[in-house]
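These notes concern the structure reproduced below.
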Amino acid sequence: MKKQQNHRIILASTSPRRRELIASLRLPFEVVPSHADEDTPGDYTPEQVVEELALRKAKAVYDSYELSLEGAIVVGSDTIVVMDGMILGKPKDEEDAFRMLGMLQNRTHEVYSGVACISGDTGRIIVDHRKTKVKMKAQTDEGIRAYIATKEPFDKAGSYAIQGIGSILVESIEGCYFNVVGLPLSLLSEQLAELGMHVLAIDET
Ligand SMILES: Cc1cn([C@H]2C[C@H](O)[C@@H](COP(=O)(O)OP(=O)(O)OP(=O)(O)O)O2)c(=O)[nH]c1=O
């Protein structure tokens, strides 16, 4: 395997977390905000929702990109929290965050992230997802209100950030941590390799 020349990732995202996570792979990348429609049919499973939305985000950038995509891979991702089969996205307001955090406390829920990769060279698409179980500690109403007052819940699926102050709400997790933060890096590296981009390149010379 040889490291591809002029290879790069185009991250189709507005999420600062995803930007930080992708930077940790130390591959060249640029970020292009993607504004795809996020409505999905009500009978979609969590897996279908995150894969569909990840693909829409990647496709929106792939289709509108005006420069050459040679050597590039466009990456889109989507994250949801699922409690008792109910999909929790980002909270609309404080009461919505309070409702979600009340549902999650003292129980175990699942976080799903979908990741879609599109090869700029061939147009080949790979879409997959990961699931992580997250067990939350018991919280009082006052504790939940105090967490909401930090404003951290507002742009996060399920109204918490495991990488932030929300870490103290979490008892334990089972599965990929980065999947909860919004981009499962281990899955992504497998998808990139499948499309010919290796995070750890092995030089044959
Ligand atoms: C559960 C959880 C979610 N999140 C975030 C990750 C995502 O940014 C967000 C879920 O919203 P998404 O719709 O997946 O992503 P986004 O709108 O923030 O960004 P994009 O432009 O890529 O669509 O919740 C955390 O940061 N920490 C957590 O612990």
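Scheme for the structure tokens: letters A, B, ... for chains in order shown; per-chain residue numbers from 1; ligand numbers from 1 in order shown.
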
Which residues sit within 6 Å of ligand 1, counting only C-alpha atoms and all ligand atoms, listed as a list in words? Ser13, Thr14, Ser15, Arg17, Ser34, Ser77, Asp78, Thr79, Lys156, Ala157, Gly158, Tyr160, Ala161, Ile162, Val180, Val181 and Gly182 of chain A

Can I get the selected residues back with C-alpha atoms, as a PDB file, in the first residue's frame?
ATOM      1  CA  SER A  13     -20.250  19.246   8.329  1.00  0.00           C
ATOM      2  CA  THR A  14     -20.957  22.323  10.424  1.00  0.00           C
ATOM      3  CA  SER A  15     -20.053  20.495  13.643  1.00  0.00           C
ATOM      4  CA  ARG A  17     -16.723  18.358  17.240  1.00  0.00           C
ATOM      5  CA  SER A  34     -23.521  20.795   4.428  1.00  0.00           C
ATOM      6  CA  SER A  77     -22.029  11.961   9.423  1.00  0.00           C
ATOM      7  CA  ASP A  78     -25.158  12.065  11.560  1.00  0.00           C
ATOM      8  CA  THR A  79     -25.741  11.257  15.237  1.00  0.00           C
ATOM      9  CA  LYS A 156     -26.284  18.111  20.979  1.00  0.00           C
ATOM     10  CA  ALA A 157     -28.399  15.081  20.138  1.00  0.00           C
ATOM     11  CA  GLY A 158     -30.089  13.860  23.336  1.00  0.00           C
ATOM     12  CA  TYR A 160     -25.831  16.193  26.476  1.00  0.00           C
ATOM     13  CA  ALA A 161     -22.167  16.215  25.489  1.00  0.00           C
ATOM     14  CA  ILE A 162     -20.154  13.262  26.763  1.00  0.00           C
ATOM     15  CA  VAL A 180     -21.079   9.278  20.888  1.00  0.00           C
ATOM     16  CA  VAL A 181     -19.182  12.526  20.242  1.00  0.00           C
ATOM     17  CA  GLY A 182     -20.347  12.405  16.616  1.00  0.00           C
TER      18      GLY A 182
END

Counting only C-alpha atoms, what are the residues of range 88-132 of chain A within 12 Å of range 39-61 of chain A, and for each of them which pair of atoms is the nearest and at what distance in Å, to one decimal? Sort the table by chain and rising number, as a tab-separated table.
residue	atom	partner	partner_atom	distance
A:Leu88	CA	A:Pro46	CA	10.2
A:Gly89	CA	A:Val50	CA	11.0
A:Glu110	CA	A:Pro46	CA	9.7
A:Val111	CA	A:Pro46	CA	9.2
A:Tyr112	CA	A:Val50	CA	6.9
A:Ser113	CA	A:Val50	CA	5.9
A:Gly114	CA	A:Val50	CA	4.5
A:Val115	CA	A:Ala54	CA	5.5
A:Ala116	CA	A:Leu55	CA	5.0
A:Cys117	CA	A:Ala58	CA	7.0
A:Ile118	CA	A:Ala58	CA	7.1
A:Ser119	CA	A:Ala58	CA	10.4
A:Gly120	CA	A:Lys59	CA	11.0
A:Gly123	CA	A:Lys59	CA	10.2
A:Arg124	CA	A:Lys59	CA	11.4
A:Ile125	CA	A:Leu55	CA	8.6
A:Ile126	CA	A:Leu55	CA	8.8
A:Val127	CA	A:Glu51	CA	6.2
A:Asp128	CA	A:Glu51	CA	6.3
A:His129	CA	A:Glu51	CA	6.5
A:Arg130	CA	A:Glu47	CA	8.5
A:Lys131	CA	A:Glu47	CA	8.7

Secondary structure check, alpha helix (DSSP H) residues of range 2-204 of chain A, as a PyMOL selection string: chain A and resi 16-23+46-64+94-104+141-148+177-181+185-194

Go ahead and compute the interatomic distance for CA of Glu142 in chain A and CA of Gly85 in chain A, in Å to one decimal.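 If I compute the distance from CA of Glu142 in chain A to CA of Gly85 in chain A, I get 26.7 Å.
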
DSSP strand (DSSP E) residues within range 151-180 of chain A, listed as a ChimeraX atom specification: /A:170-174

When you count only C-alpha atoms, which of these residues is closest to Ile10 in chain A: A:Val81, A:Cys176, A:Ile73, A:Ala36? A:Ile73

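Interatomic distance, CA of Ala97 in chain A to CA of Glu20 in chain A: 24.7 Å.
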
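By only C-alpha atoms, and with residues fewer than 6 positions from Phe154 in chain A along its chain excluded, the set lying at most 9 Å from it is Lys90, Pro91, Lys92, Asp93, Glu94, Ala97, Ile148 and Tyr160 of chain A.
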
From A:Gly71, A:Gln163, A:Arg19, A:Asp121, residue lying nearest Phe178 in chain A [only C-alpha atoms]: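 Closest to Phe178 in chain A of all the choices is A:Gln163.
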
Residues near Ala138 in chain A, cut-off 12 Å, only C-alpha atoms, skip fewer than 4 positions along chain, as a ChimeraX atom specification: /A:101-108,142-144,168-171

Could you check which of A:Leu187, A:Val82, A:Val31, A:Ala193 is closest to Tyr65 in chain A, using only C-alpha atoms?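 Of the candidates, the smallest distance to Tyr65 in chain A is held by A:Val31.
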
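Using only C-alpha atoms, the nearest neighbour of Ser186 in chain A within the list A:Glu38, A:Leu25, A:Tyr147, A:Glu174 is A:Leu25.
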
For CA of Ala23 in chain A and CA of Leu188 in chain A, determine how far apart the two atoms are, in Å to one decimal place.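 CA of Leu188 in chain A lies at a distance of 12.7 Å from CA of Ala23 in chain A.
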